[in-house]
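Enquirer: As input, take upload-v4.txt (compact mmCIF, C-alpha atoms):
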# COMPACT_ATOMS: atom_id res chain seq x y z
CA MET A 174 21.21 -10.01 24.15
CA ASN A 175 23.60 -11.15 21.42
CA ARG A 176 24.95 -14.69 21.72
CA MET A 177 28.62 -15.04 22.58
CA ILE A 178 29.90 -17.93 20.51
CA THR A 179 32.98 -18.48 22.66
CA LEU A 180 30.76 -18.77 25.75
CA ASP A 181 28.56 -21.35 24.01
CA MET A 182 31.61 -23.28 22.83
CA LEU A 183 33.12 -23.40 26.31
CA ARG A 184 29.83 -24.58 27.81
CA GLY A 185 29.76 -27.33 25.19
CA TYR A 186 33.34 -28.28 25.99
CA ALA A 187 32.49 -28.40 29.70
CA LEU A 188 29.63 -30.85 29.03
CA LEU A 189 31.82 -33.03 26.81
CA SER A 190 34.50 -33.04 29.49
CA ILE A 191 32.01 -33.90 32.25
CA MET A 192 30.73 -36.77 30.12
CA VAL A 193 34.06 -38.46 29.36
CA ASN A 194 35.51 -37.74 32.81
CA HIS A 195 32.73 -39.86 34.33
CA MET A 196 33.63 -42.81 32.10
CA PRO A 197 36.45 -44.41 34.15
CA VAL A 198 38.19 -46.28 31.30
CA SER A 199 37.64 -43.59 28.65
CA VAL A 200 40.60 -42.84 26.38
CA MET A 201 39.62 -39.21 25.84
CA ARG A 202 39.52 -38.73 29.60
CA GLY A 203 43.31 -38.59 29.45
CA VAL A 204 43.32 -35.28 27.54
CA THR A 205 40.72 -33.29 29.51
CA LEU A 206 41.36 -30.38 31.88
CA PRO A 207 42.06 -32.31 35.12
CA ASN A 208 45.15 -33.88 33.53
CA PHE A 209 47.06 -30.62 33.43
CA SER A 210 45.05 -28.03 35.36
CA ILE A 211 44.11 -27.75 39.03
CA PHE A 212 40.48 -27.03 38.08
CA ASP A 213 38.16 -29.07 35.88
CA ALA A 214 34.93 -28.81 33.92
CA SER A 215 32.85 -28.35 37.08
CA GLU A 216 34.44 -24.96 37.79
CA LEU A 217 34.12 -24.02 34.13
CA PHE A 218 30.43 -24.99 34.09
CA VAL A 219 29.57 -23.03 37.27
CA LEU A 220 31.55 -19.90 36.30
CA LEU A 221 30.02 -19.79 32.82
CA SER A 222 26.55 -20.37 34.27
CA GLY A 223 27.03 -17.44 36.64
CA PHE A 224 28.29 -15.21 33.84
CA LEU A 225 25.25 -16.07 31.73
CA VAL A 226 22.96 -15.29 34.67
CA GLY A 227 24.55 -11.85 35.04
CA MET A 228 24.19 -11.08 31.33
CA VAL A 229 20.58 -12.26 31.16
CA TRP A 230 19.65 -10.39 34.36
CA ARG A 231 20.91 -7.11 32.93
CA SER A 232 19.06 -7.69 29.67
CA VAL A 233 15.75 -8.61 31.32
CA GLU A 234 15.95 -5.85 33.92
CA ARG A 235 16.64 -3.27 31.22
CA ARG A 236 13.60 -4.35 29.18
CA GLU A 237 11.08 -5.39 31.83
CA GLY A 238 12.34 -4.26 35.23
CA GLN A 239 13.82 -5.89 38.32
CA ARG A 240 10.69 -7.80 39.33
CA ALA A 241 10.64 -9.57 35.95
CA ALA A 242 14.29 -10.54 36.33
CA GLN A 243 13.67 -11.90 39.83
CA TRP A 244 10.71 -13.93 38.67
CA ARG A 245 12.67 -15.28 35.70
CA PHE A 246 15.42 -16.74 37.86
CA ALA A 247 13.05 -18.01 40.53
CA ARG A 248 11.28 -19.88 37.74
CA ARG A 249 14.62 -21.07 36.37
CA ALA A 250 15.56 -22.51 39.77
CA PHE A 251 12.33 -24.53 39.67
CA GLU A 252 13.06 -25.72 36.12
CA VAL A 253 16.55 -26.91 37.08
CA TRP A 254 15.17 -28.62 40.21
CA ARG A 255 12.57 -30.40 38.09
CA ALA A 256 15.20 -31.41 35.54
CA MET A 257 17.46 -32.69 38.33
CA ILE A 258 14.71 -35.05 39.51
CA LEU A 259 13.90 -36.26 36.00
CA ILE A 260 17.54 -36.82 35.05
CA GLY A 261 18.20 -38.59 38.35
CA VAL A 262 15.29 -40.98 37.75
CA LEU A 263 16.23 -41.66 34.11
CA MET A 264 19.86 -42.25 35.10
CA ALA A 265 18.84 -44.77 37.78
CA LEU A 266 16.44 -46.56 35.39
CA LEU A 267 19.17 -46.77 32.73
CA SER A 268 21.54 -48.18 35.33
CA ALA A 269 18.92 -50.76 36.38
CA ALA A 270 18.37 -51.80 32.75
CA LEU A 271 22.11 -52.19 32.17
CA LEU A 272 22.55 -54.25 35.31
CA ALA A 273 19.59 -56.44 34.34
CA ALA A 274 21.31 -57.03 30.99
CA GLY A 275 24.51 -58.04 32.78
CA MET A 276 26.42 -54.89 31.82
CA ARG A 277 28.39 -53.66 34.82
CA HIS A 278 29.33 -50.00 35.06
CA THR A 279 31.04 -47.78 37.61
CA ALA A 280 30.21 -44.29 36.35
CA ILE A 281 27.56 -44.06 39.07
CA TRP A 282 26.74 -45.85 42.30
CA ASN A 283 24.69 -48.94 41.41
CA GLN A 284 22.54 -48.55 44.54
CA TYR A 285 20.47 -45.92 42.69
CA ALA A 286 19.25 -48.69 40.37
CA VAL A 287 18.13 -50.73 43.38
CA TRP A 288 16.31 -47.85 45.04
CA VAL A 289 14.46 -46.67 41.93
CA ILE A 290 13.02 -50.18 41.42
CA GLU A 291 12.37 -51.16 45.04
CA ASN A 292 11.08 -47.80 46.28
CA PRO A 293 10.46 -45.41 43.36
CA LEU A 294 8.44 -42.86 45.36
CA GLY A 295 11.06 -42.81 48.11
CA TYR A 296 13.81 -42.35 45.55
CA VAL A 297 11.97 -39.47 43.87
CA GLY A 298 11.30 -37.89 47.27
CA ALA A 299 14.97 -38.17 48.22
CA LEU A 300 15.92 -36.45 44.96
CA ALA A 301 13.26 -33.76 45.31
CA SER A 302 14.33 -32.89 48.86
CA MET A 303 17.99 -33.01 47.75
CA TRP A 304 18.68 -35.33 50.67
CA LEU A 305 20.16 -37.57 47.95
CA GLN A 306 22.31 -36.13 45.15
CA PRO A 307 23.45 -38.86 42.74
CA ASN A 308 26.92 -38.44 41.30
CA ILE A 309 27.09 -36.60 37.97
CA VAL A 310 23.70 -34.99 38.76
CA ASP A 311 25.05 -33.53 42.02
CA VAL A 312 26.32 -30.36 40.36
CA LEU A 313 22.69 -29.53 39.47
CA ALA A 314 21.76 -29.61 43.16
CA VAL A 315 24.15 -26.80 43.99
CA TYR A 316 23.00 -24.96 40.85
CA VAL A 317 19.38 -25.11 42.08
CA VAL A 318 20.40 -23.55 45.40
CA LEU A 319 22.44 -20.81 43.74
CA LEU A 320 19.66 -19.93 41.28
CA ALA A 321 17.11 -19.90 44.11
CA VAL A 322 19.04 -17.20 46.01
CA THR A 323 19.89 -15.22 42.86
CA PRO A 324 16.69 -13.07 43.02
CA VAL A 325 17.78 -11.91 46.48
CA ILE A 326 21.56 -11.63 46.01
CA VAL A 327 21.71 -9.87 42.63
CA PRO A 328 19.67 -6.76 43.60
CA LEU A 329 21.90 -6.41 46.67
CA MET A 330 24.96 -6.89 44.48
CA LEU A 331 23.80 -4.15 42.12
CA ARG A 332 23.25 -1.74 45.01
CA TRP A 333 26.18 -2.59 47.33
CA PRO A 334 28.69 -4.60 45.26
CA LEU A 335 31.66 -4.33 47.66
CA ALA A 336 29.65 -5.18 50.79
CA VAL A 337 28.11 -8.20 49.05
CA ALA A 338 31.54 -9.33 47.85
CA VAL A 339 32.88 -9.23 51.42
CA ALA A 340 29.85 -11.17 52.68
CA LEU A 341 30.23 -13.83 49.98
CA VAL A 342 33.92 -14.28 50.80
CA ALA A 343 33.05 -14.64 54.50
CA ILE A 344 30.44 -17.31 53.67
CA TRP A 345 32.97 -19.12 51.49
CA TRP A 346 35.54 -19.01 54.29
CA HIS A 347 33.13 -20.74 56.68
CA GLY A 348 31.65 -22.94 53.96
CA PRO A 349 32.76 -26.36 55.30
CA GLU A 350 31.22 -25.75 58.74
CA LEU A 351 28.00 -24.36 57.24
CA ASN A 352 27.66 -27.20 54.75
CA SER A 353 27.98 -29.85 57.47
CA LEU A 354 24.73 -28.54 58.98
CA LEU A 355 22.68 -29.43 55.89
CA PRO A 356 20.77 -32.74 56.20
CA ASN A 357 22.00 -35.25 53.65
CA HIS A 358 22.46 -38.98 53.04
CA ARG A 359 26.23 -38.55 53.32
CA ARG A 360 27.65 -39.69 56.66
CA GLN A 361 29.42 -36.37 57.22
CA GLY A 362 26.35 -34.37 56.17
CA GLY A 363 26.05 -31.57 53.63
CA PHE A 364 26.11 -31.43 49.85
CA LEU A 365 29.02 -32.97 47.96
CA PHE A 366 29.36 -29.71 46.01
CA ASN A 367 29.30 -27.34 48.98
CA PRO A 368 26.89 -24.50 48.04
CA PHE A 369 28.47 -22.19 50.63
CA GLY A 370 31.81 -22.64 48.89
CA TRP A 371 30.76 -22.77 45.25
CA GLN A 372 28.59 -19.66 45.59
CA LEU A 373 31.77 -17.58 45.47
CA LEU A 374 32.61 -18.82 41.97
CA PHE A 375 29.03 -18.61 40.73
CA PHE A 376 28.48 -15.05 41.93
CA SER A 377 31.92 -14.05 40.67
CA GLY A 378 30.60 -15.10 37.26
CA VAL A 379 27.37 -13.19 37.91
CA ALA A 380 29.39 -10.07 38.76
CA MET A 381 31.42 -10.49 35.58
CA GLY A 382 28.18 -10.56 33.59
CA LEU A 383 26.59 -7.64 35.46
CA PHE A 384 29.60 -5.32 35.58
CA ARG A 385 31.50 -6.49 32.53
CA ASP A 386 32.01 -3.02 31.07
CA ARG A 387 33.14 -1.50 34.38
CA ILE A 388 35.46 -4.40 35.16
CA MET A 389 37.11 -4.35 31.75
CA ALA A 390 37.43 -0.54 31.82
CA ALA A 391 39.36 -0.87 35.10
CA LEU A 392 41.53 -3.84 34.08
CA LEU A 393 42.33 -3.27 30.40
CA PRO A 394 44.66 -0.30 31.04
CA ARG A 395 46.63 -2.71 33.28
CA ARG A 396 46.18 -5.73 31.06
CA HIS A 397 49.88 -6.59 30.81
CA LEU A 398 50.24 -6.80 34.58
CA VAL A 399 46.97 -8.69 34.97
CA THR A 400 47.96 -11.10 32.19
CA ALA A 401 51.32 -11.76 33.84
CA LEU A 402 49.63 -12.47 37.18
CA ALA A 403 47.02 -14.68 35.50
CA LEU A 404 49.71 -16.65 33.66
CA GLY A 405 51.59 -17.14 36.91
CA MET A 406 48.49 -18.39 38.75
CA PHE A 407 47.45 -20.69 35.94
CA ALA A 408 50.98 -22.10 35.64
CA PHE A 409 51.13 -22.65 39.41
CA GLY A 410 47.91 -24.65 39.28
CA CYS A 411 49.22 -26.70 36.37
CA ALA A 412 52.48 -27.34 38.23
CA ILE A 413 50.58 -28.78 41.20
CA VAL A 414 48.83 -31.33 38.97
CA ILE A 415 51.89 -32.19 36.87
CA ALA A 416 54.09 -32.64 39.93
CA ALA A 417 51.50 -34.98 41.44
CA ARG A 418 51.46 -37.05 38.25
CA ILE A 419 55.26 -37.27 38.20
CA GLY A 420 55.15 -38.72 41.71
CA GLU A 421 58.18 -39.41 43.88
CA PRO A 422 60.80 -37.60 41.73
CA ALA A 423 58.83 -34.35 42.18
CA LEU A 424 58.22 -34.84 45.93
CA ALA A 425 60.43 -31.92 46.98
CA VAL A 426 58.67 -29.60 44.53
CA ARG A 427 55.27 -30.78 45.73
CA GLN A 428 56.17 -30.17 49.36
CA ALA A 429 57.46 -26.68 48.57
CA MET A 430 54.29 -25.77 46.67
CA ARG A 431 52.10 -27.21 49.42
CA MET A 432 53.59 -24.65 51.81
CA VAL A 433 52.00 -22.00 49.55
CA TYR A 434 48.58 -23.49 48.77
CA GLY A 435 47.95 -25.64 51.84
CA THR A 436 45.24 -28.13 50.85
CA ILE A 437 43.17 -28.71 47.74
CA ASP A 438 39.47 -29.30 48.35
CA LYS A 439 37.37 -29.38 45.21
CA TRP A 440 34.11 -29.99 47.03
CA SER A 441 34.28 -26.80 49.12
CA LEU A 442 36.18 -24.95 46.35
CA ASP A 443 39.55 -24.08 47.84
CA GLY A 444 41.23 -20.78 47.06
CA THR A 445 43.81 -22.27 44.69
CA ARG A 446 41.18 -23.74 42.38
CA TYR A 447 39.15 -20.53 42.53
CA LEU A 448 42.09 -18.31 41.61
CA ALA A 449 43.21 -20.70 38.87
CA ILE A 450 39.84 -20.69 37.08
CA MET A 451 39.55 -16.92 37.43
CA ALA A 452 43.05 -16.56 35.96
CA ALA A 453 42.10 -18.85 33.09
CA ALA A 454 38.97 -16.76 32.46
CA TRP A 455 41.09 -13.63 32.01
CA LEU A 456 43.51 -15.42 29.68
CA VAL A 457 40.68 -16.77 27.54
CA VAL A 458 38.86 -13.44 27.30
CA VAL A 459 41.75 -11.00 26.80
CA PRO A 460 45.07 -12.31 25.39
CA LEU A 461 43.49 -15.41 23.81
CA GLY A 462 40.18 -13.77 22.92
CA PRO A 463 40.75 -13.55 19.12
CA VAL A 464 42.10 -17.12 19.02
CA MET A 465 39.13 -18.46 20.98
CA ALA A 466 36.73 -16.64 18.66
CA ARG A 467 38.34 -18.26 15.62
CA ILE A 468 38.16 -21.70 17.26
CA ALA A 469 34.51 -21.10 18.13
CA ALA A 470 33.77 -20.19 14.50
CA SER A 471 35.43 -23.37 13.18
CA ARG A 472 33.44 -26.52 12.42
CA PRO A 473 34.36 -28.29 15.72
CA GLY A 474 33.74 -25.03 17.55
CA VAL A 475 30.25 -24.75 16.06
CA TRP A 476 29.52 -28.34 17.11
CA MET A 477 30.52 -27.51 20.69
CA GLN A 478 28.44 -24.31 20.51
CA GLN A 479 25.40 -26.37 19.63
CA ILE A 480 26.00 -28.67 22.59
CA GLY A 481 26.45 -25.65 24.88
CA ARG A 482 23.22 -24.05 23.65
CA GLY A 483 21.31 -27.23 24.45
CA GLY A 484 21.13 -26.24 28.12
CA LEU A 485 19.49 -28.72 30.49
CA TRP A 486 18.65 -31.02 27.60
CA SER A 487 22.35 -31.33 26.75
CA PHE A 488 23.22 -31.84 30.41
CA GLY A 489 20.69 -34.67 30.74
CA ALA A 490 22.01 -36.31 27.57
CA CYS A 491 25.56 -35.93 28.90
CA VAL A 492 24.63 -37.77 32.13
CA LEU A 493 22.86 -40.66 30.40
CA LEU A 494 25.58 -41.05 27.79
CA SER A 495 28.22 -41.16 30.54
CA VAL A 496 26.51 -44.18 32.09
CA LEU A 497 25.85 -45.88 28.75
CA GLY A 498 29.33 -45.18 27.39
CA ASP A 499 30.92 -46.50 30.58
CA ALA A 500 28.93 -49.74 30.27
CA LEU A 501 29.88 -50.15 26.61
CA GLN A 502 33.58 -49.67 27.42
CA MET A 503 33.58 -52.10 30.35
CA ASN A 504 31.62 -54.92 28.67
CA PRO A 505 33.32 -57.10 27.67
CA GLU A 506 36.36 -56.56 29.88
CA GLY A 507 39.81 -55.80 28.52
CA GLN A 508 38.78 -53.86 25.41
CA SER A 509 41.50 -52.34 23.28
CA VAL A 510 42.31 -48.65 23.20
CA ALA A 511 40.78 -48.42 19.74
CA ALA A 512 37.51 -49.96 20.91
CA ARG A 513 37.25 -47.66 23.92
CA LEU A 514 38.13 -44.65 21.77
CA ALA A 515 35.38 -45.62 19.34
CA VAL A 516 32.88 -45.51 22.22
CA ASP A 517 34.25 -42.09 23.25
CA ILE A 518 33.75 -40.76 19.73
CA TRP A 519 30.27 -42.29 19.51
CA THR A 520 29.15 -40.67 22.78
CA CYS A 521 30.47 -37.26 21.65
CA ILE A 522 28.64 -37.53 18.32
CA ALA A 523 25.49 -38.72 20.09
CA LEU A 524 25.62 -35.75 22.48
CA TRP A 525 26.02 -33.35 19.57
CA TRP A 526 23.19 -35.00 17.60
CA LEU A 527 20.81 -34.85 20.56
CA ALA A 528 21.69 -31.18 21.13
CA VAL A 529 20.93 -30.39 17.48
CA LEU A 530 17.59 -32.19 17.76
CA TRP A 531 16.71 -29.99 20.71
CA LEU A 532 17.76 -26.78 18.95
CA ARG A 533 15.70 -27.66 15.86
CA HIS A 534 12.57 -28.97 17.54
CA GLY A 535 12.53 -28.63 21.34
CA ASP A 536 13.80 -25.08 21.75
CA PRO A 537 11.42 -23.52 19.16
CA TRP A 538 8.50 -25.34 20.83
CA ARG A 539 9.57 -24.02 24.25
CA ARG A 540 9.95 -20.46 22.94
CA ALA A 541 6.53 -20.55 21.30
CA ARG A 542 4.96 -21.81 24.54
CA ARG A 543 6.60 -19.01 26.51
CA ALA A 544 5.43 -16.46 23.95
CA ARG A 545 1.85 -17.71 24.31
CA ARG A 546 2.09 -17.43 28.09
CA ALA A 547 3.41 -13.87 27.80
CA GLU A 548 0.55 -12.95 25.45
CA ARG A 549 -2.00 -14.34 27.91
CA ARG A 550 -0.45 -12.38 30.77
CA LEU A 551 -0.57 -9.18 28.72
CA ALA A 552 -4.16 -9.86 27.76
CA ARG A 553 -5.15 -10.38 31.41
CA ALA A 554 -3.32 -7.21 32.43
CA ALA A 555 -5.06 -5.25 29.69
CA ALA A 556 -8.43 -6.62 30.76
CA ARG A 557 -7.83 -5.59 34.37
CA GLY A 558 -6.67 -2.16 33.24
As structure tokens, please, write out the structure in this file.

Expert:
Amino acid sequence: MNRMITLDMLRGYALLSIMVNHMPVSVMRGVTLPNFSIFDASELFVLLSGFLVGMVWRSVERREGQRAAQWRFARRAFEVWRAMILIGVLMALLSAALLAAGMRHTAIWNQYAVWVIENPLGYVGALASMWLQPNIVDVLAVYVVLLAVTPVIVPLMLRWPLAVAVALVAIWWHGPELNSLLPNHRRQGGFLFNPFGWQLLFFSGVAMGLFRDRIMAALLPRRHLVTALALGMFAFGCAIVIAARIGEPALAVRQAMRMVYGTIDKWSLDGTRYLAIMAAAWLVVVPLGPVMARIAASRPGVWMQQIGRGGLWSFGACVLLSVLGDALQMNPEGQSVAARLAVDIWTCIALWWLAVLWLRHGDPWRRARRARRAERRLARAAARG
């Protein structure tokens, strides 16, 4: 499977955006997606992850068969679950160290620092069972669930795509009620990122990866109409956010738009946010495709590609740097814009540097280990044969 540099760049941008958006007094936070769009980096991250799953599934299934693809994503669900626990522990320990040094921070709930010191095994167990999903890391919890059901859903999707689509929409529709049944530390129950809601976006991305050629063959002859509809939906989502930022002078406009979209619920993924990110995906791929490819090939684009290719390593670095950057910006109080911007720039450079370290040393080591495992499996199979 050939790498798609625009996909890698957008994944890198999503991680950068997640990082600075969780630093409450960040300067760069003021220019990220949520300031002008109804969706944010979370939707971008989940959609791109689903698209990558669809592409990889097709590639693995073509070379090694369906069983190999199922096993690959079952194993990937375990890897993400394991990483979620590790990142959650490291984040809490970093928070505890910062608090011990007198450096307050609000990027995450400080109670995690208390729990990891007072009851480390209980904290790890709460993470492992997903009864507790610390903020910033919580998006990984829903990703674990979605990857775990991928080996079941994707074969059904390949065989009965329309029936599966209807079923997924029905699950999304009843997502809030279903999510409330999941045991969780939250008083109202359920995951913060509702897996019954966010599955619709994830598996939409999976379908885009699986059926990319068929989808584009159907839509490209009507690309002008689709582009016009996508522009309208994206602009509508932007108008909702901009009108809210304007405040009282735009109250009449806000009330009129609310009659169309109803309510916005990020955590269960409302229809407006879903349609807005899907519209943006079309605009990025088709009318803006050549522009995005040029940006991805530029020096900043390559830097973001490298962050995006870092995978779970980059995500873990993003989480820890969010907490550390937040503490550096809040201590001492009342720092200037220039000082806070310097911390923003430092965290972005640090994230890029850590991603490059992984690509140069960690990823080759992981690939070699997997190759050795594959060789051993082939040798055992040959011996049995």

Enquirer: Please indicate the distance in Å from atom CA of A:Phe409 to atom CA of A:Pro349, rounded to one decimal place.

Expert: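 So the answer is 24.6 Å.
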
Enquirer: Can you work out the spacing between atom CA of A:Gln478 and atom CA of A:Met177 in Å, to one decimal?

Expert: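 Atom-to-atom, atom CA of A:Gln478 and atom CA of A:Met177 are spaced 9.5 Å apart.
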
Enquirer: Which residue out of A:Ala250, A:Val399, A:Ala417, A:Val327 has the minimum interatomic distance to A:Val459 when all atoms listed in the file are used?

Expert: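 The closest residue to A:Val459 is A:Val399.
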
Enquirer: Quote the spacing between atom CA of A:Gln372 and atom CA of A:Leu319 in Å to one decimal place.

Expert: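 Result for atom CA of A:Gln372 versus atom CA of A:Leu319: 6.5 Å, one decimal.
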
Enquirer: Could you check the closest approach to A:Ala469 for each of A:Ala412, A:Ala403, A:Met201, A:Gly481 and tell me which residue wins, using only C-alpha atoms?

Expert: A:Gly481

Enquirer: Between A:Ala338, A:Val475, A:Ala552, A:Ala242, which has the minimum distance to A:Gly185 (counting only C-alpha atoms)?

Expert: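 Looking at the shortest contact to A:Gly185, the residue is A:Val475.
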
Enquirer: Please return, as a PyMOL selection string, all polymer residues that have at least one atom within 12 Å of the point (20.7, -2.9, 33.0); use all atoms listed in the file and the file's own coordinate frame.

Expert: chain A and resi 174+227-239+242+327-328+331+382-386

Enquirer: Can you write out as JSON lines which residues of stretch 261-313 of chain A fall within 10 Å of stretch 197-200 of chain A, alongside each residue's closest atom pair and its distance in Å to one decimal, counting only C-alpha atoms and ordering rows by chain and ascending residue number?

Expert:
{"residue": "A:His278", "atom": "CA", "partner": "A:Pro197", "partner_atom": "CA", "distance": 9.1}
{"residue": "A:Thr279", "atom": "CA", "partner": "A:Pro197", "partner_atom": "CA", "distance": 7.3}
{"residue": "A:Ala280", "atom": "CA", "partner": "A:Pro197", "partner_atom": "CA", "distance": 6.6}
